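Q: Structure: model.cif, mmCIF, C-alpha atoms.
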data_coords
loop_
_atom_site.label_atom_id
_atom_site.label_comp_id
_atom_site.auth_asym_id
_atom_site.auth_seq_id
_atom_site.Cartn_x
_atom_site.Cartn_y
_atom_site.Cartn_z
CA MET A 444 -41.57 104.40 27.77
CA PRO A 445 -38.65 103.51 30.10
CA ASP A 446 -36.59 106.23 31.75
CA LYS A 447 -33.59 106.77 29.45
CA GLN A 448 -31.43 107.68 32.44
CA ALA A 449 -31.99 104.24 33.98
CA LEU A 450 -30.91 102.10 31.00
CA TYR A 451 -27.89 99.79 30.88
CA LEU A 452 -26.37 97.75 28.08
CA GLN A 453 -25.65 94.19 29.25
CA LEU A 454 -22.99 92.31 27.24
CA GLY A 455 -22.19 89.23 29.30
CA TYR A 456 -18.58 87.99 29.20
CA ILE A 457 -16.10 89.08 26.52
CA ASP A 458 -12.70 87.45 25.94
CA ASP A 459 -10.19 89.18 26.46
CA VAL A 460 -10.37 92.97 26.11
CA HIS A 461 -13.05 95.18 24.65
CA GLU A 462 -14.44 98.67 24.32
CA VAL A 463 -18.05 99.54 23.56
CA PHE A 464 -19.44 102.36 21.41
CA VAL A 465 -23.01 103.61 21.11
CA ASN A 466 -23.68 105.85 18.13
CA GLY A 467 -19.94 106.38 17.76
CA VAL A 468 -19.24 107.36 21.38
CA ARG A 469 -17.27 105.07 23.69
CA ILE A 470 -19.33 104.19 26.77
CA GLY A 471 -17.32 101.31 28.24
CA LEU A 472 -13.99 99.52 28.46
CA SER A 473 -12.79 96.32 30.12
CA GLY A 474 -9.20 95.19 30.29
CA LYS A 475 -6.35 96.90 28.46
CA PHE A 476 -5.43 96.64 24.80
CA PRO A 477 -1.81 95.93 23.78
CA PRO A 478 0.88 97.03 24.33
CA ARG A 479 -0.24 97.29 28.00
CA PHE A 480 -2.35 94.15 27.69
CA SER A 481 -4.52 93.15 30.65
CA THR A 482 -7.30 90.58 30.28
CA ALA A 483 -10.83 91.01 31.63
CA TYR A 484 -12.28 87.78 30.21
CA ASN A 485 -13.98 86.84 33.51
CA VAL A 486 -15.76 90.15 34.11
CA PHE A 487 -19.52 90.36 33.58
CA ARG A 488 -20.12 93.60 31.70
CA SER A 489 -23.00 96.04 32.08
CA TYR A 490 -22.60 99.64 30.90
CA LYS A 491 -24.60 102.78 31.62
CA LEU A 492 -26.30 104.10 28.49
CA PRO A 493 -25.98 107.91 28.51
CA ALA A 494 -29.44 109.33 27.85
CA ASP A 495 -28.17 112.08 25.56
CA LEU A 496 -26.68 109.51 23.16
CA LEU A 497 -29.86 107.58 22.51
CA GLN A 498 -31.85 108.15 19.33
CA GLU A 499 -34.78 106.50 17.59
CA ASN A 500 -32.32 104.19 15.81
CA ASN A 501 -29.07 103.31 17.58
CA THR A 502 -25.84 101.53 16.64
CA ILE A 503 -23.81 99.43 19.10
CA ALA A 504 -20.21 98.51 18.21
CA VAL A 505 -17.96 96.27 20.32
CA ARG A 506 -14.22 96.25 19.55
CA VAL A 507 -12.48 93.12 20.88
CA TYR A 508 -8.92 91.85 21.31
CA ASP A 509 -8.34 88.16 22.06
CA ALA A 510 -4.95 86.84 23.22
CA GLY A 511 -5.71 83.13 22.83
CA GLY A 512 -8.29 80.40 23.36
CA GLU A 513 -11.88 81.57 23.08
CA GLY A 514 -12.53 85.02 21.71
CA GLY A 515 -15.30 87.60 21.54
CA ILE A 516 -18.66 87.75 23.27
CA VAL A 517 -18.57 84.21 24.63
CA HIS A 518 -21.59 83.83 26.92
CA GLY A 519 -24.14 85.58 29.12
CA ASN A 520 -27.45 87.32 28.50
CA LEU A 521 -27.32 90.31 26.15
CA GLY A 522 -29.82 93.14 26.20
CA ILE A 523 -30.97 96.53 27.43
CA MET A 524 -31.79 96.54 31.13
CA MET A 525 -33.37 99.14 33.42
CA ASP A 526 -32.15 100.01 36.92
CA VAL A 527 -35.37 100.57 38.89
CA ASP A 528 -33.39 102.26 41.71
CA ALA A 529 -31.57 104.75 39.47
CA VAL A 530 -31.50 108.36 40.65
CA PRO A 531 -33.38 110.57 38.11
CA LEU A 532 -30.50 112.95 37.41
CA ASP A 533 -30.91 116.47 36.08
CA VAL A 534 -27.35 116.36 34.68
CA ASP A 535 -25.76 113.03 33.72
CA LEU A 536 -21.98 113.03 34.27
CA SER A 537 -21.28 109.35 33.59
CA GLY A 538 -18.82 108.40 30.86
CA SER A 539 -15.17 109.25 30.29
CA TRP A 540 -13.31 110.84 33.24
CA LYS A 541 -9.61 111.44 33.89
CA PHE A 542 -7.80 109.06 36.24
CA LYS A 543 -4.44 108.76 37.96
CA ILE A 544 -3.16 106.36 40.64
CA GLY A 545 -1.10 107.42 43.64
CA GLN A 546 -1.68 109.07 47.01
CA TYR A 547 -0.74 112.53 45.72
CA ALA A 548 -2.25 112.30 42.24
CA HIS A 549 -4.67 115.15 43.05
CA GLU A 550 -1.73 117.55 43.30
CA ASN A 551 -1.24 117.21 39.51
CA ILE A 552 -4.74 118.36 38.61
CA ASP A 553 -3.24 121.09 36.39
CA GLN A 554 -1.86 118.33 34.14
CA LEU A 555 -5.13 116.52 33.42
CA GLU A 556 -4.26 116.07 29.75
CA THR A 557 -1.53 113.61 30.80
CA TRP A 558 -3.86 111.48 32.95
CA ASP A 559 -5.45 108.26 31.71
CA ASN A 560 -9.07 108.04 30.57
CA ILE A 561 -11.43 105.82 32.53
CA ILE A 562 -15.13 105.01 32.26
CA VAL A 563 -17.32 106.01 35.22
CA PRO A 564 -18.99 104.04 36.67
CA GLY A 565 -16.79 100.93 36.50
CA ASN A 566 -14.19 99.21 38.69
CA TRP A 567 -10.66 100.37 37.92
CA GLU A 568 -9.45 96.76 38.23
CA ASP A 569 -11.57 95.92 35.18
CA GLN A 570 -10.08 98.79 33.17
CA GLY A 571 -6.40 97.95 33.18
CA TYR A 572 -5.43 98.43 36.84
CA LYS A 573 -5.67 94.77 37.82
CA ASN A 574 -4.71 93.95 41.43
CA TYR A 575 -4.16 97.61 42.27
CA ASP A 576 -5.11 98.53 45.85
CA GLY A 577 -4.36 101.95 47.26
CA TYR A 578 -4.92 105.59 46.40
CA ALA A 579 -6.21 107.03 43.12
CA CYS A 580 -7.85 110.18 41.86
CA TYR A 581 -10.69 110.86 39.39
CA ALA A 582 -11.29 114.24 37.77
CA LEU A 583 -13.90 115.70 35.44
CA GLU A 584 -14.27 119.14 33.88
CA PHE A 585 -17.76 120.06 32.66
CA LYS A 586 -19.94 123.01 31.66
CA LEU A 587 -23.32 123.68 33.21
CA GLU A 588 -26.46 125.53 32.16
CA GLU A 589 -27.31 128.61 34.20
CA LYS A 590 -30.62 127.17 35.45
CA PHE A 591 -28.71 124.52 37.44
CA VAL A 592 -26.29 127.06 38.89
CA LYS A 593 -29.16 128.97 40.49
CA ASP A 594 -30.69 125.85 42.05
CA ARG A 595 -29.53 123.92 45.10
CA MET A 596 -27.86 120.81 43.75
CA VAL A 597 -26.69 117.41 44.98
CA LEU A 598 -23.71 115.58 43.47
CA ILE A 599 -24.47 111.87 43.04
CA LEU A 600 -21.42 109.57 42.72
CA GLY A 601 -23.01 106.12 42.87
CA LYS A 602 -21.10 103.60 44.97
CA ILE A 603 -17.36 103.86 45.64
CA ASP A 604 -14.96 101.12 46.74
CA ASP A 605 -13.86 101.83 49.49
CA ILE A 606 -13.70 105.46 50.77
CA ASP A 607 -13.66 108.84 49.06
CA GLN A 608 -12.97 112.53 49.48
CA VAL A 609 -14.73 114.88 47.02
CA PHE A 610 -13.91 118.41 45.89
CA VAL A 611 -15.96 120.62 43.56
CA ASN A 612 -14.21 123.70 42.19
CA GLY A 613 -11.56 123.29 44.88
CA VAL A 614 -14.03 123.09 47.78
CA LEU A 615 -14.34 119.95 49.92
CA VAL A 616 -18.02 118.93 49.65
CA GLY A 617 -17.95 115.53 51.36
CA GLN A 618 -16.12 112.39 52.33
CA SER A 619 -16.99 108.93 53.62
CA GLY A 620 -15.31 109.28 56.99
CA GLU A 621 -11.74 110.38 57.65
CA PHE A 622 -9.71 109.85 54.50
CA LYS A 623 -7.17 107.30 55.70
CA PRO A 624 -6.78 103.50 55.33
CA GLN A 625 -7.99 102.85 58.90
CA THR A 626 -11.44 104.14 57.96
CA VAL A 627 -11.92 101.14 55.66
CA HIS A 628 -11.87 98.88 58.74
CA GLU A 629 -13.98 101.25 60.85
CA ARG A 630 -16.63 101.58 58.13
CA SER A 631 -16.42 98.21 56.42
CA ASN A 632 -19.71 98.71 54.53
CA SER A 633 -18.83 102.09 53.02
CA TRP A 634 -18.35 100.48 49.59
CA GLN A 635 -22.08 99.63 49.55
CA GLN A 636 -23.36 103.14 50.32
CA LEU A 637 -24.76 105.55 47.72
CA ARG A 638 -22.80 108.81 47.64
CA GLY A 639 -24.92 111.95 47.61
CA TYR A 640 -23.16 115.22 48.50
CA TYR A 641 -25.10 118.48 48.96
CA LEU A 642 -23.35 121.38 47.24
CA PRO A 643 -23.10 124.88 48.71
CA GLN A 644 -25.14 127.44 46.79
CA ASN A 645 -23.15 129.54 44.30
CA LEU A 646 -20.37 126.93 44.13
CA LEU A 647 -21.15 125.91 40.54
CA SER A 648 -20.52 128.16 37.54
CA SER A 649 -22.23 128.58 34.18
CA SER A 650 -19.60 130.92 32.73
CA GLU A 651 -16.55 128.70 33.34
CA LYS A 652 -15.81 124.99 33.45
CA ASN A 653 -16.56 123.20 36.72
CA THR A 654 -14.15 120.62 38.11
CA ILE A 655 -14.92 117.56 40.21
CA VAL A 656 -12.02 115.78 41.93
CA VAL A 657 -12.68 112.46 43.68
CA ARG A 658 -9.88 110.97 45.74
CA VAL A 659 -10.37 107.25 46.45
CA TYR A 660 -8.68 104.73 48.71
CA ASP A 661 -9.34 101.04 48.01
CA GLY A 662 -8.22 98.43 50.51
CA LEU A 663 -9.02 95.19 48.71
CA GLN A 664 -10.34 94.04 45.30
CA GLY A 665 -12.51 96.13 42.99
CA GLY A 666 -11.67 99.79 43.40
CA GLY A 667 -13.14 103.14 42.46
CA ILE A 668 -16.49 104.57 41.39
CA TYR A 669 -17.95 101.25 40.37
CA SER A 670 -21.76 101.47 39.96
CA GLY A 671 -24.87 103.61 40.12
CA SER A 672 -26.01 107.01 38.87
CA ILE A 673 -23.33 109.68 38.34
CA GLY A 674 -24.31 113.33 38.05
CA LEU A 675 -26.25 116.25 39.50
CA ILE A 676 -29.82 116.45 40.79
CA SER A 677 -31.67 119.34 42.40
CA GLN A 678 -32.26 119.03 46.14
CA ASP A 679 -36.05 119.06 45.56
CA HIS A 680 -35.85 116.20 43.06
CA TYR A 681 -33.48 114.29 45.36
CA ILE A 682 -35.93 114.55 48.28
CA GLN A 683 -38.75 113.39 45.99
CA TYR A 684 -36.64 110.41 44.91
CA TRP A 685 -36.07 109.26 48.50
CA ASN A 686 -39.69 109.83 49.47
CA LYS A 687 -40.80 107.57 46.61
CA ARG A 688 -38.32 104.88 47.66
CA ARG A 689 -39.55 104.99 51.25
CA ASN A 690 -43.15 104.63 50.12
CA LYS A 691 -42.48 101.52 47.99
#
If you convert what's in this file into structure tokens, what do you get?

A:
Amino acid sequence: MPDKQALYLQLGYIDDVHEVFVNGVRIGLSGKFPPRFSTAYNVFRSYKLPADLLQENNTIAVRVYDAGGEGGIVHGNLGIMMDVDAVPLDVDLSGSWKFKIGQYAHENIDQLETWDNIIVPGNWEDQGYKNYDGYACYALEFKLEEKFVKDRMVLILGKIDDIDQVFVNGVLVGQSGEFKPQTVHERSNSWQQLRGYYLPQNLLSSSEKNTIVVRVYDGLQGGGIYSGSIGLISQDHYIQYWNKRRNK
């Protein structure tokens, strides 16, 4: 049986805007519905299937808006795919996060309810922020079982375009070089690197909500947490994952 945490729903190209639901839960969005219409007709869509949503029998629903010309799921291969390089997470944190553009967006973290929703992973340009280059901030509040609090954990954030600075419960846990535009030129391949940040012991809580804040700077095209596994894995499991990859 395939690893549920490694499954993706591939939907090809959809004209113009759409959102995708699995068993009643939205797992993906491309473009922007009216009144803030933004087309994403030329974006090839593949969405992470959250393991906790999958059942023996599943229902996929795709809601579409077309502004003219062709409409709907127009072409491309459709199916369920498996990412053979996926990190085997202990806690999957993919899905709907909060999002706000601007260099100082992180200073408004106490007003999360006013932020936009965005699907992670997925380029922000494909989710209604077309042609936006610059600063933005992601945030997620989540609860955690006590068994993970006691373990040494690693935060996996997939791949980020271009550079990032990450805080967990207000503590800086990692960044891809100095957080300034110049770093994009100094580390031109940072957008291709898997983010894995080791968390200090006792940083996570099981009695209160935990908060992840990811500041991002994008210099050109794409933008944001765009692909890969998103969540938490124990340090032991993370080491095992890399050992297996090295031995392939």

Q: Identify which of the residues A:Ala494, A:Met525, A:Val656, A:Leu598 lies closest to A:Leu555, counting all atoms listed in the file when measuring atom-to-atom distances.

A: A:Val656

Q: Exactly which residues make up the result of the PyMOL selection byres ((chain A and resi 569-575) around 7) on this file, given as a list in words?

A: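 Applied to this file, the PyMOL selection byres ((chain A and resi 569-575) around 7) returns Leu472, Ser473, Gly474, Lys475, Ser481, Ala483, Asn566, Trp567, Glu568, Asp576, Gly577 and Gln664 of chain A.
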
Q: Residue by residue, what does the PyMOL selection byres ((chain A and resi 618) around 12) grab here? Present the result as number ranges by chain.

A: A: 600, 603, 605-610, 614-617, 619-623, 626, 633, 636-641, 656-660

Q: Tell me which residues the PyMOL selection byres ((chain A and resi 677-688) around 9) grabs here, as a PyMOL selection string.

A: chain A and resi 528+530-533+591+594-598+641+675-676+689-691

Q: Which residue, A:Val465, A:Ala548, A:Ala579, A:Leu450, has the smallest gap to A:Asp526 when you use all atoms listed in the file?

A: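 Going through A:Val465, A:Ala548, A:Ala579, A:Leu450 one by one, the smallest distance to A:Asp526 is for A:Leu450.
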
Q: Could you give me, as a compact mmCIF listing (two decimals) with C-alpha atoms, keeping the file's coordinate frame, the residues within 6 Å of A:Asp458, counting only C-alpha atoms and dropping anything in the same chain fewer than 5 positions from it?

A:
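The file below, around39.txt, is the result:
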# COMPACT_ATOMS: atom_id res chain seq x y z
CA TYR A 484 -12.28 87.78 30.21
CA ASP A 509 -8.34 88.16 22.06
CA GLY A 514 -12.53 85.02 21.71
CA GLY A 515 -15.30 87.60 21.54

Q: Nearest to A:Gly666 among A:Thr654, A:Gly565, A:Lys590, A:Ala582, with distances taken over all atoms listed in the file: which residue is it?

A: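 Nearest to A:Gly666: A:Gly565.
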
Q: From the options A:Pro643, A:Gly601, A:Gly455, A:Gly512, which residue's atoms come nearest to A:Val486, counting all atoms listed in the file?

A: A:Gly455
